[in-house]
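A.B. asks: What follows is coords-v4.pdb, made up of PDB, C-alpha atoms:
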ATOM      1  CA  MET J 980       0.000   0.000   0.000
ATOM      2  CA  LYS J 981       2.871   2.370   0.828
ATOM      3  CA  TYR J 982       4.477   1.637  -2.564
ATOM      4  CA  LEU J 983       1.190   2.490  -4.247
ATOM      5  CA  LYS J 984       0.792   5.691  -2.212
ATOM      6  CA  ARG J 985       4.313   6.786  -3.133
ATOM      7  CA  ARG J 986       3.709   6.004  -6.795
ATOM      8  CA  ILE J 987       0.534   8.125  -6.671
ATOM      9  CA  PHE J 988       2.467  11.028  -5.091
ATOM     10  CA  GLN J 989       5.273  10.619  -7.634
ATOM     11  CA  SER J 990       2.747  10.658 -10.480
ATOM     12  CA  LEU J 991       1.220  13.840  -9.059
ATOM     13  CA  GLY J 992       4.715  15.329  -8.650
ATOM     14  CA  THR J 993       5.359  14.574 -12.307
ATOM     15  CA  PHE J 994       2.083  15.701 -13.869
ATOM     16  CA  LEU J 995       0.908  18.630 -11.726
ATOM     17  CA  PRO J 996       4.046  20.818 -12.165
ATOM     18  CA  ASN J 997       3.842  19.996 -15.890
ATOM     19  CA  SER J 998       0.157  20.589 -16.443
ATOM     20  CA  TYR J 999       0.361  23.691 -18.661
ATOM     21  CA  LEU J1000      -0.894  21.883 -21.733
ATOM     22  CA  GLN J1001      -1.338  25.125 -23.686
ATOM     23  CA  GLY J1002       2.450  25.002 -23.972
ATOM     24  CA  PHE J1003       1.866  22.508 -26.752
ATOM     25  CA  SER J1004      -0.597  24.391 -28.939
ATOM     26  CA  LEU J1005      -2.027  22.524 -31.935
ATOM     27  CA  SER J1006      -2.536  24.149 -35.317
ATOM     28  CA  ILE J1007      -3.098  22.988 -38.896
ATOM     29  CA  ALA J1008      -0.590  24.356 -41.393
ATOM     30  CA  HIS J1009      -0.634  23.299 -45.079
ATOM     31  CA  GLY J1010      -3.018  20.472 -44.262
ATOM     32  CA  ALA J1011      -0.720  18.999 -41.589
ATOM     33  CA  LEU J1012      -1.162  19.011 -37.841
ATOM     34  CA  LYS J1013       1.512  21.128 -36.177
ATOM     35  CA  ILE J1014       2.432  21.361 -32.483
ATOM     36  CA  SER J1015       4.001  24.696 -31.530
ATOM     37  CA  PRO J1016       5.761  24.826 -28.154
ATOM     38  CA  SER J1017       5.634  27.932 -25.963
ATOM     39  CA  LEU J1018       6.471  28.724 -22.337
ATOM     40  CA  TYR J1019       4.071  29.478 -19.494
ATOM     41  CA  GLN J1020       4.685  33.075 -18.406
ATOM     42  CA  GLY J1021       2.250  33.412 -15.499
ATOM     43  CA  SER J1022       2.833  34.192 -11.835
ATOM     44  CA  LEU J1023       3.382  30.557 -10.792
ATOM     45  CA  LYS J1024       6.785  30.757 -12.488
ATOM     46  CA  SER J1025       7.901  32.853  -9.506
ATOM     47  CA  VAL J1026       7.644  29.728  -7.313
ATOM     48  CA  CYS J1027      10.701  27.465  -7.068
ATOM     49  CA  SER J1028       9.368  23.912  -7.092
ATOM     50  CA  PRO J1029      11.263  21.652  -4.663
ATOM     51  CA  LEU J1030      11.758  19.151  -7.502
ATOM     52  CA  LEU J1031      14.191  18.690 -10.349
ATOM     53  CA  ASN J1032      11.722  19.841 -12.981
ATOM     54  CA  CYS J1033      12.904  21.799 -16.011
ATOM     55  CA  TYR J1034      11.343  25.240 -16.405
ATOM     56  CA  ALA J1035      12.182  25.233 -20.113
ATOM     57  CA  CYS J1036       9.602  22.474 -20.614
ATOM     58  CA  PRO J1037       6.613  23.935 -22.485
ATOM     59  CA  SER J1038       4.222  22.415 -19.936
ATOM     60  CA  ALA J1039       6.163  23.550 -16.814
ATOM     61  CA  LEU J1040       4.281  25.763 -14.364
ATOM     62  CA  PHE J1041       7.030  26.427 -11.815
ATOM     63  CA  SER J1042      10.667  27.491 -11.773
ATOM     64  CA  CYS J1043      13.542  25.057 -11.505
ATOM     65  CA  PRO J1044      15.255  25.733  -8.153
ATOM     66  CA  ILE J1045      18.713  24.899  -9.505
ATOM     67  CA  GLY J1046      18.173  27.107 -12.564
ATOM     68  CA  THR J1047      17.120  29.921 -10.233
ATOM     69  CA  LEU J1048      20.207  29.552  -8.020
ATOM     70  CA  GLN J1049      22.438  29.572 -11.094
ATOM     71  CA  HIS J1050      20.721  32.606 -12.589
ATOM     72  CA  PHE J1051      21.559  34.669  -9.510
ATOM     73  CA  MET J1052      25.131  33.399  -9.460
ATOM     74  CA  VAL J1053      25.496  34.366 -13.134
ATOM     75  CA  THR J1054      24.342  37.892 -12.278
ATOM     76  CA  GLY J1055      26.775  38.010  -9.342
ATOM     77  CA  ASN J1056      24.128  38.012  -6.591
ATOM     78  CA  PHE J1057      23.381  35.543  -3.838
ATOM     79  CA  PRO J1058      20.012  33.818  -4.459
ATOM     80  CA  PHE J1059      18.309  34.663  -1.144
ATOM     81  CA  TYR J1060      14.803  33.846  -2.347
ATOM     82  CA  GLY J1061      15.779  30.574  -4.049
ATOM     83  CA  ALA J1062      17.982  29.416  -1.176
ATOM     84  CA  GLY J1063      15.348  30.482   1.379
ATOM     85  CA  SER J1064      12.572  28.599  -0.455
ATOM     86  CA  LEU J1065      14.636  25.417  -0.542
ATOM     87  CA  ALA J1066      15.719  25.853   3.086
ATOM     88  CA  VAL J1067      12.077  26.171   4.223
ATOM     89  CA  VAL J1068      11.170  22.931   2.421
ATOM     90  CA  GLY J1069      14.342  21.213   3.677
ATOM     91  CA  ALA J1070      13.727  22.350   7.261
ATOM     92  CA  SER J1071      10.194  20.955   7.091
ATOM     93  CA  VAL J1072      10.601  17.573   5.398
ATOM     94  CA  GLY J1073      14.320  17.058   4.681
ATOM     95  CA  ARG J1074      14.775  15.075   1.455
ATOM     96  CA  MET J1075      11.192  13.830   1.362
ATOM     97  CA  THR J1076      10.361  15.645  -1.891
ATOM     98  CA  CYS J1077      13.147  13.644  -3.608
ATOM     99  CA  GLY J1078      11.563  10.366  -2.526
ATOM    100  CA  THR J1079       7.898  11.177  -2.974
ATOM    101  CA  LEU J1080       7.537  13.888  -5.639
ATOM    102  CA  CYS J1081      10.589  14.320  -7.883
ATOM    103  CA  PRO J1082       9.820  13.339 -11.515
ATOM    104  CA  PHE J1083      13.396  12.368 -12.322
ATOM    105  CA  GLY J1084      13.558  10.189  -9.216
ATOM    106  CA  PHE J1085      10.265   8.593 -10.290
ATOM    107  CA  LEU J1086      11.728   7.830 -13.720
ATOM    108  CA  GLN J1087      14.801   6.226 -12.132
ATOM    109  CA  ASP J1088      12.601   4.172  -9.769
ATOM    110  CA  LEU J1089      10.601   2.872 -12.729
ATOM    111  CA  LEU J1090      13.700   2.102 -14.800
ATOM    112  CA  TYR J1091      15.230   0.072 -11.955
ATOM    113  CA  LYS J1092      12.180  -2.202 -12.033
ATOM    114  CA  PHE J1093      13.224  -3.581 -15.433
ATOM    115  CA  ARG J1094      14.879  -6.960 -15.256
ATOM    116  CA  SER J1095      18.614  -6.459 -15.819
ATOM    117  CA  TYR J1096      21.995  -6.920 -14.176
ATOM    118  CA  LYS J1097      21.855  -5.118 -10.802
ATOM    119  CA  HIS J1098      24.814  -3.402  -9.232
ATOM    120  CA  SER J1099      25.536  -1.136  -6.260
ATOM    121  CA  ILE J1100      27.688   1.982  -6.227
ATOM    122  CA  PRO J1101      30.247   2.857  -3.549
ATOM    123  CA  VAL J1102      29.236   5.170  -0.698
ATOM    124  CA  TRP J1103      31.897   7.762  -1.574
ATOM    125  CA  THR J1104      30.004   8.658  -4.766
ATOM    126  CA  ARG J1105      27.583  10.662  -2.585
ATOM    127  CA  TYR J1106      30.276  13.346  -2.238
ATOM    128  CA  ILE J1107      30.221  14.005  -5.994
ATOM    129  CA  ARG J1108      26.839  15.721  -5.654
ATOM    130  CA  TYR J1109      28.280  18.262  -3.203
ATOM    131  CA  ALA J1110      31.092  18.975  -5.684
ATOM    132  CA  VAL J1111      28.507  19.356  -8.475
ATOM    133  CA  LEU J1112      26.549  21.801  -6.299
ATOM    134  CA  ALA J1113      29.618  23.840  -5.375
ATOM    135  CA  LEU J1114      31.194  23.874  -8.832
ATOM    136  CA  LEU J1115      28.485  23.606 -11.499
ATOM    137  CA  VAL J1116      25.748  25.494  -9.638
ATOM    138  CA  PHE J1117      27.692  28.145  -7.722
ATOM    139  CA  LEU J1118      31.351  28.676  -8.609
ATOM    140  CA  ILE J1119      31.564  28.085 -12.382
ATOM    141  CA  PRO J1120      28.364  30.059 -13.217
ATOM    142  CA  LEU J1121      29.727  32.910 -11.064
ATOM    143  CA  LEU J1122      33.030  32.907 -12.963
ATOM    144  CA  THR J1123      31.841  32.126 -16.496
ATOM    145  CA  HIS J1124      28.380  33.787 -16.431
ATOM    146  CA  GLU J1125      26.855  30.626 -17.902
ATOM    147  CA  ASN J1126      24.313  28.200 -16.352
ATOM    148  CA  TRP J1127      26.544  25.158 -16.605
ATOM    149  CA  PHE J1128      24.469  22.687 -14.653
ATOM    150  CA  SER J1129      21.344  23.524 -16.668
ATOM    151  CA  LYS J1130      23.326  23.107 -19.876
ATOM    152  CA  LEU J1131      24.185  19.521 -18.902
ATOM    153  CA  CYS J1132      21.176  18.531 -16.755
ATOM    154  CA  PRO J1133      19.620  15.242 -18.004
ATOM    155  CA  MET J1134      16.194  16.336 -16.753
ATOM    156  CA  GLY J1135      16.587  19.559 -18.733
ATOM    157  CA  THR J1136      17.404  17.522 -21.834
ATOM    158  CA  LEU J1137      14.434  15.232 -21.312
ATOM    159  CA  MET J1138      11.799  17.824 -20.400
ATOM    160  CA  GLY J1139      13.144  20.967 -22.065
ATOM    161  CA  GLY J1140      15.664  20.165 -24.796
ATOM    162  CA  LEU J1141      13.975  17.224 -26.517
ATOM    163  CA  PRO J1142      10.459  18.750 -26.828
ATOM    164  CA  TRP J1143      11.879  22.014 -28.201
ATOM    165  CA  VAL J1144      14.244  20.315 -30.652
ATOM    166  CA  THR J1145      11.493  17.948 -31.816
ATOM    167  CA  LEU J1146       8.781  20.564 -32.244
ATOM    168  CA  ASP J1147      10.565  23.809 -33.150
ATOM    169  CA  LEU J1148      12.493  24.084 -36.418
ATOM    170  CA  ASN J1149      14.358  27.220 -35.297
ATOM    171  CA  VAL J1150      15.650  25.485 -32.180
ATOM    172  CA  ARG J1151      16.556  22.400 -34.235
ATOM    173  CA  SER J1152      18.693  24.512 -36.526
ATOM    174  CA  MET J1153      20.684  25.718 -33.500
ATOM    175  CA  ILE J1154      21.816  22.217 -32.452
ATOM    176  CA  ARG J1155      25.554  22.088 -31.776
ATOM    177  CA  TYR J1156      27.880  19.503 -30.177
ATOM    178  CA  LEU J1157      26.615  20.437 -26.690
ATOM    179  CA  PHE J1158      23.206  18.975 -27.478
ATOM    180  CA  TRP J1159      24.780  15.606 -28.238
ATOM    181  CA  VAL J1160      26.776  15.819 -24.998
ATOM    182  CA  LYS J1161      23.470  16.401 -23.167
ATOM    183  CA  ILE J1162      21.841  13.476 -24.952
ATOM    184  CA  SER J1163      24.807  11.254 -24.023
ATOM    185  CA  ILE J1164      24.494  12.269 -20.364
ATOM    186  CA  LEU J1165      20.752  11.524 -20.410
ATOM    187  CA  LEU J1166      21.312   8.135 -22.058
ATOM    188  CA  PHE J1167      24.053   7.347 -19.546
ATOM    189  CA  PHE J1168      21.719   7.931 -16.600
ATOM    190  CA  ILE J1169      18.831   6.077 -18.245
ATOM    191  CA  THR J1170      21.079   3.068 -18.835
ATOM    192  CA  THR J1171      22.661   3.247 -15.380
ATOM    193  CA  SER J1172      19.224   3.495 -13.735
ATOM    194  CA  LEU J1173      18.385   0.061 -15.118
ATOM    195  CA  MET J1174      21.226  -1.414 -13.061
ATOM    196  CA  VAL J1175      21.740   0.921 -10.082
ATOM    197  CA  LYS J1176      19.147   2.336  -7.699
ATOM    198  CA  ARG J1177      18.736   6.073  -8.409
ATOM    199  CA  PRO J1178      22.295   6.803  -9.624
ATOM    200  CA  PHE J1179      21.610  10.467 -10.438
ATOM    201  CA  CYS J1180      19.953  11.235  -7.064
ATOM    202  CA  ARG J1181      22.727   9.539  -5.117
ATOM    203  CA  ALA J1182      25.784  10.794  -6.954
ATOM    204  CA  ILE J1183      24.963  13.916  -8.955
ATOM    205  CA  CYS J1184      21.773  15.766  -8.024
ATOM    206  CA  PRO J1185      22.635  19.204  -6.551
ATOM    207  CA  LEU J1186      19.059  19.624  -5.295
ATOM    208  CA  GLY J1187      19.442  16.385  -3.366
ATOM    209  CA  ALA J1188      22.753  17.728  -2.027
ATOM    210  CA  ILE J1189      20.946  20.793  -0.668
ATOM    211  CA  PHE J1190      18.068  18.848   0.890
ATOM    212  CA  SER J1191      20.340  16.162   2.345
ATOM    213  CA  VAL J1192      21.971  18.786   4.582
ATOM    214  CA  PHE J1193      18.577  19.213   6.286
ATOM    215  CA  ASN J1194      17.919  15.532   7.017
ATOM    216  CA  LYS J1195      19.449  15.844  10.495
ATOM    217  CA  SER J1196      17.560  18.974  11.530
ATOM    218  CA  SER J1197      14.236  18.792   9.660
ATOM    219  CA  PHE J1198      10.864  18.768  11.405
ATOM    220  CA  LEU J1199      10.041  15.300  10.083
ATOM    221  CA  GLN J1200      12.459  12.637  11.243
ATOM    222  CA  LEU J1201      12.890   8.929  10.763
ATOM    223  CA  ALA J1202      13.115   7.117  14.094
ATOM    224  CA  TRP J1203      14.604   3.692  14.694
ATOM    225  CA  ASN J1204      13.826   1.379  17.585
ATOM    226  CA  PRO J1205      16.913  -0.664  18.559
ATOM    227  CA  ASP J1206      14.836  -2.803  20.954
ATOM    228  CA  THR J1207      12.698  -4.352  18.216
ATOM    229  CA  CYS J1208      15.174  -4.276  15.304
ATOM    230  CA  THR J1209      16.462  -7.731  14.368
ATOM    231  CA  LYS J1210      19.052  -6.267  11.930
ATOM    232  CA  CYS J1211      17.665  -8.491   9.186
ATOM    233  CA  GLY J1212      18.668  -5.946   6.509
ATOM    234  CA  LYS J1213      15.328  -6.085   4.683
ATOM    235  CA  CYS J1214      15.021  -2.312   5.011
ATOM    236  CA  GLN J1215      18.096  -2.001   2.770
ATOM    237  CA  LYS J1216      16.618  -4.345   0.182
ATOM    238  CA  ILE J1217      13.493  -2.220  -0.216
ATOM    239  CA  CYS J1218      15.333   1.123   0.134
ATOM    240  CA  PRO J1219      15.390   3.033  -3.201
ATOM    241  CA  VAL J1220      18.897   4.353  -2.447
ATOM    242  CA  ASP J1221      20.303   1.147  -0.977
ATOM    243  CA  ILE J1222      21.053   2.410   2.545
ATOM    244  CA  ARG J1223      20.533   0.867   5.990
ATOM    245  CA  PRO J1224      18.137   3.251   7.781
ATOM    246  CA  ASP J1225      18.613   1.285  10.992
ATOM    247  CA  ARG J1226      22.303   2.211  11.087
ATOM    248  CA  ASN J1227      21.663   5.940  10.659
ATOM    249  CA  PRO J1228      18.046   7.164  10.439
ATOM    250  CA  THR J1229      19.257  10.693   9.599
ATOM    251  CA  ASN J1230      21.508   9.494   6.769
ATOM    252  CA  PRO J1231      21.948  12.348   4.243
ATOM    253  CA  ASP J1232      21.242   9.845   1.458
ATOM    254  CA  CYS J1233      17.826   8.937   2.924
ATOM    255  CA  LEU J1234      15.012  10.142   0.649
ATOM    256  CA  ARG J1235      12.341   9.804   3.361
ATOM    257  CA  CYS J1236      10.283   7.733   0.949
ATOM    258  CA  LEU J1237       9.045   5.789   3.994
ATOM    259  CA  ASP J1238       9.180   2.415   2.228
ATOM    260  CA  CYS J1239      11.191   1.108   5.187
ATOM    261  CA  THR J1240       8.545   2.194   7.717
ATOM    262  CA  ARG J1241       6.635  -0.976   6.910
ATOM    263  CA  CYS J1242       9.025  -2.448   9.438
ATOM    264  CA  PRO J1243       7.769  -1.683  12.974
ATOM    265  CA  SER J1244      11.316  -0.734  14.030
ATOM    266  CA  LEU J1245      11.302   2.315  11.769
ATOM    267  CA  LYS J1246       8.806   5.110  11.991
ATOM    268  CA  LEU J1247       8.199   8.618  10.712
ATOM    269  CA  THR J1248       8.153  11.054  13.595
ATOM    270  CA  THR J1249       8.804  14.731  14.337
ATOM    271  CA  VAL J1250      11.399  16.579  16.385
ATOM    272  CA  LEU J1251       8.666  17.213  18.974
ATOM    273  CA  HIS J1252       8.335  13.528  19.854
ATOM    274  CA  LYS J1253      10.640  12.563  22.683
ATOM    275  CA  ASN J1254       9.940   8.826  22.457
ATOM    276  CA  PRO J1255       8.242   7.859  19.204
ATOM    277  CA  PHE J1256       8.202   4.177  20.156
ATOM    278  CA  ALA J1257       6.467   4.637  23.498
ATOM    279  CA  VAL J1258       3.655   2.292  22.372
ATOM    280  CA  PRO J1259       5.119  -1.112  21.454
ATOM    281  CA  PRO J1260       4.595  -1.830  17.740
ATOM    282  CA  SER J1261       2.320  -4.699  16.746
ATOM    283  CA  GLY J1262       3.646  -7.578  14.672
ATOM    284  CA  ARG J1263       1.479  -6.638  11.692
ATOM    285  CA  GLY J1264       4.100  -4.438  10.022
ATOM    286  CA  ALA J1265       6.747  -7.126  10.337
ATOM    287  CA  GLU J1266       4.548  -9.580   8.455
ATOM    288  CA  LYS J1267       4.068  -7.023   5.687
ATOM    289  CA  LEU J1268       7.817  -6.550   5.360
ATOM    290  CA  GLU J1269       8.246 -10.320   5.084
ATOM    291  CA  GLU J1270       5.891 -10.302   2.136
ATOM    292  CA  ALA J1271       7.522  -7.313   0.462
ATOM    293  CA  PRO J1272       9.298  -8.111  -2.802
ATOM    294  CA  ALA J1273      13.015  -7.229  -2.835
ATOM    295  CA  ARG J1274      13.691  -4.333  -5.220
TER
ATOM    296  CA  MET Z1282      15.927  15.167  21.172
ATOM    297  CA  LYS Z1283      16.393  18.631  22.650
ATOM    298  CA  THR Z1284      19.426  19.168  20.394
ATOM    299  CA  LYS Z1285      17.356  18.210  17.357
ATOM    300  CA  LEU Z1286      14.612  20.626  18.334
ATOM    301  CA  ILE Z1287      17.141  23.449  18.744
ATOM    302  CA  ALA Z1288      18.758  22.546  15.414
ATOM    303  CA  PHE Z1289      15.346  22.561  13.749
ATOM    304  CA  LEU Z1290      14.406  25.941  15.231
ATOM    305  CA  LEU Z1291      17.741  27.436  14.145
ATOM    306  CA  THR Z1292      17.302  26.005  10.631
ATOM    307  CA  VAL Z1293      13.784  27.395  10.346
ATOM    308  CA  ALA Z1294      14.964  30.788  11.564
ATOM    309  CA  VAL Z1295      17.816  30.930   9.020
ATOM    310  CA  ALA Z1296      15.505  29.679   6.227
ATOM    311  CA  GLY Z1297      12.886  32.265   7.137
ATOM    312  CA  VAL Z1298      15.434  35.095   7.199
ATOM    313  CA  LEU Z1299      16.827  34.048   3.787
ATOM    314  CA  LEU Z1300      13.375  33.817   2.256
ATOM    315  CA  ALA Z1301      12.164  37.092   3.785
ATOM    316  CA  TYR Z1302      15.282  38.960   2.636
ATOM    317  CA  GLY Z1303      14.855  37.512  -0.867
ATOM    318  CA  VAL Z1304      11.243  38.692  -0.943
ATOM    319  CA  TYR Z1305      12.330  42.111   0.418
ATOM    320  CA  ARG Z1306      14.902  42.392  -2.400
ATOM    321  CA  GLU Z1307      12.085  41.687  -4.866
ATOM    322  CA  GLU Z1308      13.839  38.624  -6.216
ATOM    323  CA  ILE Z1309      10.475  36.985  -6.950
ATOM    324  CA  GLY Z1310      10.023  39.152 -10.025
ATOM    325  CA  GLU Z1311      13.475  38.282 -11.291
ATOM    326  CA  VAL Z1312      12.851  34.558 -10.731
ATOM    327  CA  MET Z1313       9.585  34.779 -12.682
ATOM    328  CA  PHE Z1314      11.145  36.813 -15.483
ATOM    329  CA  ASN Z1315      14.102  34.442 -15.762
ATOM    330  CA  ALA Z1316      11.878  31.357 -15.887
ATOM    331  CA  ALA Z1317       9.339  32.804 -18.293
ATOM    332  CA  MET Z1318      11.799  34.386 -20.745
ATOM    333  CA  LEU Z1319      14.235  31.533 -21.272
TER
END
Output the file's structure in the form of structure tokens.
C.D. replies:
Amino acid sequence: MKYLKRRIFQSLGTFLPNSYLQGFSLSIAHGALKISPSLYQGSLKSVCSPLLNCYACPSALFSCPIGTLQHFMVTGNFPFYGAGSLAVVGASVGRMTCGTLCPFGFLQDLLYKFRSYKHSIPVWTRYIRYAVLALLVFLIPLLTHENWFSKLCPMGTLMGGLPWVTLDLNVRSMIRYLFWVKISILLFFITTSLMVKRPFCRAICPLGAIFSVFNKSSFLQLAWNPDTCTKCGKCQKICPVDIRPDRNPTNPDCLRCLDCTRCPSLKLTTVLHKNPFAVPPSGRGAEKLEEAPAR
Amino acid sequence: MKTKLIAFLLTVAVAGVLLAYGVYREEIGEVMFNAAML
């Protein structure tokens, strides 16, 4: 049931921020149906969505938070509004939006379900995302006055680049080598997602790097009960980022997807709860975890 | 748990100050303009 709930939230997180369908306007030219892309220019674009969702997509309603941060760095200003918006979300739920709403995370989750050779990536790869945040989002845009992360972002290629190149002849005529670099990056992450659980979120995503800082101090917390935990490791099997929540419930890699809370030893709580496991858990959750398929 | 509560309150305070200062500097308009005029 929790899988299904998360899939419903992820579907909403994918379709609602991309529900400006007028961005793909239909017309008939010379007897042929033509789709002309355009961008939404209303007031919702002033809101930074807490998701990796490209604002160059014709159906996008909100701003990309990473694109916003970069824009201010390019102009030589600190992005107070963008950073503040993300910090408010991070302080409230930590990385939960990555696990329950992010469209690119959803895509990676779905790709991993395909039957293929499965592999894990080393823990140190998590530090790459902090380097990506520092270099590609802050430092290099400040020095070069170019949005370098957006230029290479696979989500930008998928949601922004491909629709524009497919539907707009003028944009298609502007294709240079960088477009093929972007396509290669997108294909790399699509292929890797078939074998590794959420490779982009774990190793590259700068938005995930920002939210992961808040996992320790957010209002919502994951609590672990050492008295009932049998250290069976099933929580790691069902975890979409392959971590052991029982070893560190405030792990910066944790997406707060709550898949592991089907085990009675793990529970979503808040900073206000002194003892979240005051009432002993029933055995019902443990039976559910037994039945859960390994992912 | 007390440490976590203090950390949370500090985080919220910093986040609120950042957001409020951004709104005060009228960055919202620039964010909207940037996103709508790509």
A.B. asks: From the list J:Val1144, J:Val1067, J:Leu1251, J:Leu1118, which residue is nearest Z:Ala1301 when using all atoms listed in the file?
C.D. replies: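 Among the listed residues, J:Val1067 lies closest to Z:Ala1301.
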A.B. asks: Tell me which protein, DNA and RNA residues are within 12 Å of Z:Thr1284, counting all atoms listed in the file, leaving out same-chain ones fewer than 4 positions away, and put them as a VMD selection string.
C.D. replies: (chain J and resid 1195 to 1197 1250 to 1251 1253) or (chain Z and resid 1288 to 1291)
A.B. asks: What lies within 8 Å of stretch 1068-1076 of chain J using only C-alpha atoms, ignoring chain neighbours under 3 positions off, as a list in words?
C.D. replies: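 My list of contacting residues is Pro1029, Leu1030, Ser1064, Leu1065, Thr1079, Leu1080, Cys1081, Gly1187, Ile1189, Phe1190, Ser1191, Val1192, Phe1193, Asn1194, Lys1195, Ser1196, Ser1197, Phe1198, Leu1199, Gln1200, Cys1233, Leu1234, Arg1235 and Cys1236 of chain J; Phe1289, Thr1292, Val1293 and Ala1296 of chain Z.
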A.B. asks: Rank nothing, just name the residue among J:Tyr1109, J:Phe1256, J:Phe1041, J:Phe1179 nearest to chain Z, using only C-alpha atoms.
C.D. replies: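 Among the listed residues, the smallest separation from chain Z belongs to J:Phe1041.
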A.B. asks: Please identify every residue of chain Z that has at least one atom no more than 7 Å from any atom of chain J, counting only C-alpha atoms, and report them as a tab-separated table (two decimals) with C-alpha atoms, in the coordinates of the input.
C.D. replies:
chain	number	residue	atom	x	y	z
Z	1282	MET	CA	15.93	15.17	21.17
Z	1285	LYS	CA	17.36	18.21	17.36
Z	1286	LEU	CA	14.61	20.63	18.33
Z	1288	ALA	CA	18.76	22.55	15.41
Z	1289	PHE	CA	15.35	22.56	13.75
Z	1292	THR	CA	17.30	26.00	10.63
Z	1293	VAL	CA	13.78	27.40	10.35
Z	1296	ALA	CA	15.50	29.68	6.23
Z	1297	GLY	CA	12.89	32.26	7.14
Z	1299	LEU	CA	16.83	34.05	3.79
Z	1300	LEU	CA	13.38	33.82	2.26
Z	1302	TYR	CA	15.28	38.96	2.64
Z	1303	GLY	CA	14.86	37.51	-0.87
Z	1304	VAL	CA	11.24	38.69	-0.94
Z	1308	GLU	CA	13.84	38.62	-6.22
Z	1309	ILE	CA	10.48	36.98	-6.95
Z	1310	GLY	CA	10.02	39.15	-10.02
Z	1312	VAL	CA	12.85	34.56	-10.73
Z	1313	MET	CA	9.59	34.78	-12.68
Z	1316	ALA	CA	11.88	31.36	-15.89
Z	1317	ALA	CA	9.34	32.80	-18.29
Z	1319	LEU	CA	14.24	31.53	-21.27
A.B. asks: Please determine, counting only C-alpha atoms, which residue among J:Ile1154, J:Met1174, J:Ile1045, J:Val1102 has the shortest atom-to-atom distance to J:Asp1232.
C.D. replies: J:Val1102
A.B. asks: Which of these residues is nearest to J:Asp1225, using all atoms listed in the file: J:Gly1055, J:Lys1213, J:Trp1203, J:Thr1248?
C.D. replies: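 Among J:Gly1055, J:Lys1213, J:Trp1203, J:Thr1248, it is J:Trp1203 that comes nearest to J:Asp1225.
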A.B. asks: Between J:Gln989, J:Thr1170, J:Leu1005, J:Arg1223, which is the closest to J:Leu1090 once you count only C-alpha atoms?
C.D. replies: J:Thr1170
A.B. asks: For atom CA of J:Leu1000 and atom CA of J:Trp1143, determine how far apart the two atoms are, in Å to one decimal place.
C.D. replies: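 We find that atom CA of J:Leu1000 and atom CA of J:Trp1143 lie 14.3 Å from each other.
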A.B. asks: Just how far from atom CA of J:Pro1101 is atom CA of J:Lys1130, in Å to one decimal?
C.D. replies: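 Separation of atom CA of J:Lys1130 and atom CA of J:Pro1101: 26.9 Å.
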A.B. asks: Mind telling me what the PyMOL selection byres ((chain J and resi 1107) around 12) catches here, as a PyMOL selection string?
C.D. replies: chain J and resi 1101-1106+1108-1115+1178-1185+1187-1188
A.B. asks: Report, in Å to a single decimal, how far apart atom CA of J:Thr1145 and atom CA of J:Val1160 are.
C.D. replies: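 Interatomic distance here is 16.9 Å.
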A.B. asks: Using all atoms listed in the file, which residue out of J:His1098, J:Lys1216, J:His1009, J:Lys1210 lies closest to J:Val1175?
C.D. replies: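 Checking each of J:His1098, J:Lys1216, J:His1009, J:Lys1210 against J:Val1175, counting all atoms listed in the file, the winner is J:His1098.
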A.B. asks: Residues within 8 Å of J:Pro1219, please, as a PyMOL selection string. Count all atoms listed in the file; anything in the same chain fewer than 2 positions from it doesn't count.
C.D. replies: chain J and resi 1088+1176-1177+1217+1221+1274
A.B. asks: I would like the residues chosen by the PyMOL selection byres ((chain J and resi 1038) around 6) on the shown file; could you give them as a VMD selection string?
C.D. replies: chain J and resid 997 to 1000 1002 1036 to 1037 1039
A.B. asks: If we count only C-alpha atoms and set the cut-off at 9 Å, which residues sit around J:Gln1049, ignoring sequence neighbours fewer than 4 positions away in its own chain? Please answer as a ChimeraX atom specification.
C.D. replies: /J:1044-1045,1053-1054,1058,1115-1117,1120-1121,1125-1129
A.B. asks: Please return the centre and edge lengths, in Å to one decimal, of a box with edges along x, y and z that contains all listed atoms of stretch 1302-1307 of chain Z, widened by 6 Å on every side, as lines of an AutoDock Vina configuration file.
C.D. replies:
center_x = 13.3
center_y = 40.0
center_z = -1.1
size_x = 16.0
size_y = 16.9
size_z = 19.5
A.B. asks: In the coordinate frame of the file, compute which residues have an atom within 9 Å of (10.0, 3.1, 15.9) when using all atoms listed in the file, and state them as a list of chain:residue names.
C.D. replies: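 Applying the cut-off with all atoms listed in the file, one gets J:Leu1201, J:Ala1202, J:Trp1203, J:Asn1204, J:Pro1205, J:Thr1207, J:Thr1240, J:Cys1242, J:Pro1243, J:Ser1244, J:Leu1245, J:Lys1246, J:Leu1247, J:Thr1248, J:Asn1254, J:Pro1255, J:Phe1256, J:Ala1257, J:Pro1259, J:Pro1260.
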A.B. asks: Store the residues picked out above in a file with C-alpha atoms, as a short mmCIF file (atom, residue, chain, number, x, y, z; two decimals), keeping the file's coordinate frame.
C.D. replies:
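This went into result_1.cif:
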data_model
loop_
_atom_site.label_atom_id
_atom_site.label_comp_id
_atom_site.auth_asym_id
_atom_site.auth_seq_id
_atom_site.Cartn_x
_atom_site.Cartn_y
_atom_site.Cartn_z
CA LEU J 1201 12.89 8.93 10.76
CA ALA J 1202 13.12 7.12 14.09
CA TRP J 1203 14.60 3.69 14.69
CA ASN J 1204 13.83 1.38 17.58
CA PRO J 1205 16.91 -0.66 18.56
CA THR J 1207 12.70 -4.35 18.22
CA THR J 1240 8.54 2.19 7.72
CA CYS J 1242 9.02 -2.45 9.44
CA PRO J 1243 7.77 -1.68 12.97
CA SER J 1244 11.32 -0.73 14.03
CA LEU J 1245 11.30 2.32 11.77
CA LYS J 1246 8.81 5.11 11.99
CA LEU J 1247 8.20 8.62 10.71
CA THR J 1248 8.15 11.05 13.60
CA ASN J 1254 9.94 8.83 22.46
CA PRO J 1255 8.24 7.86 19.20
CA PHE J 1256 8.20 4.18 20.16
CA ALA J 1257 6.47 4.64 23.50
CA PRO J 1259 5.12 -1.11 21.45
CA PRO J 1260 4.60 -1.83 17.74
#
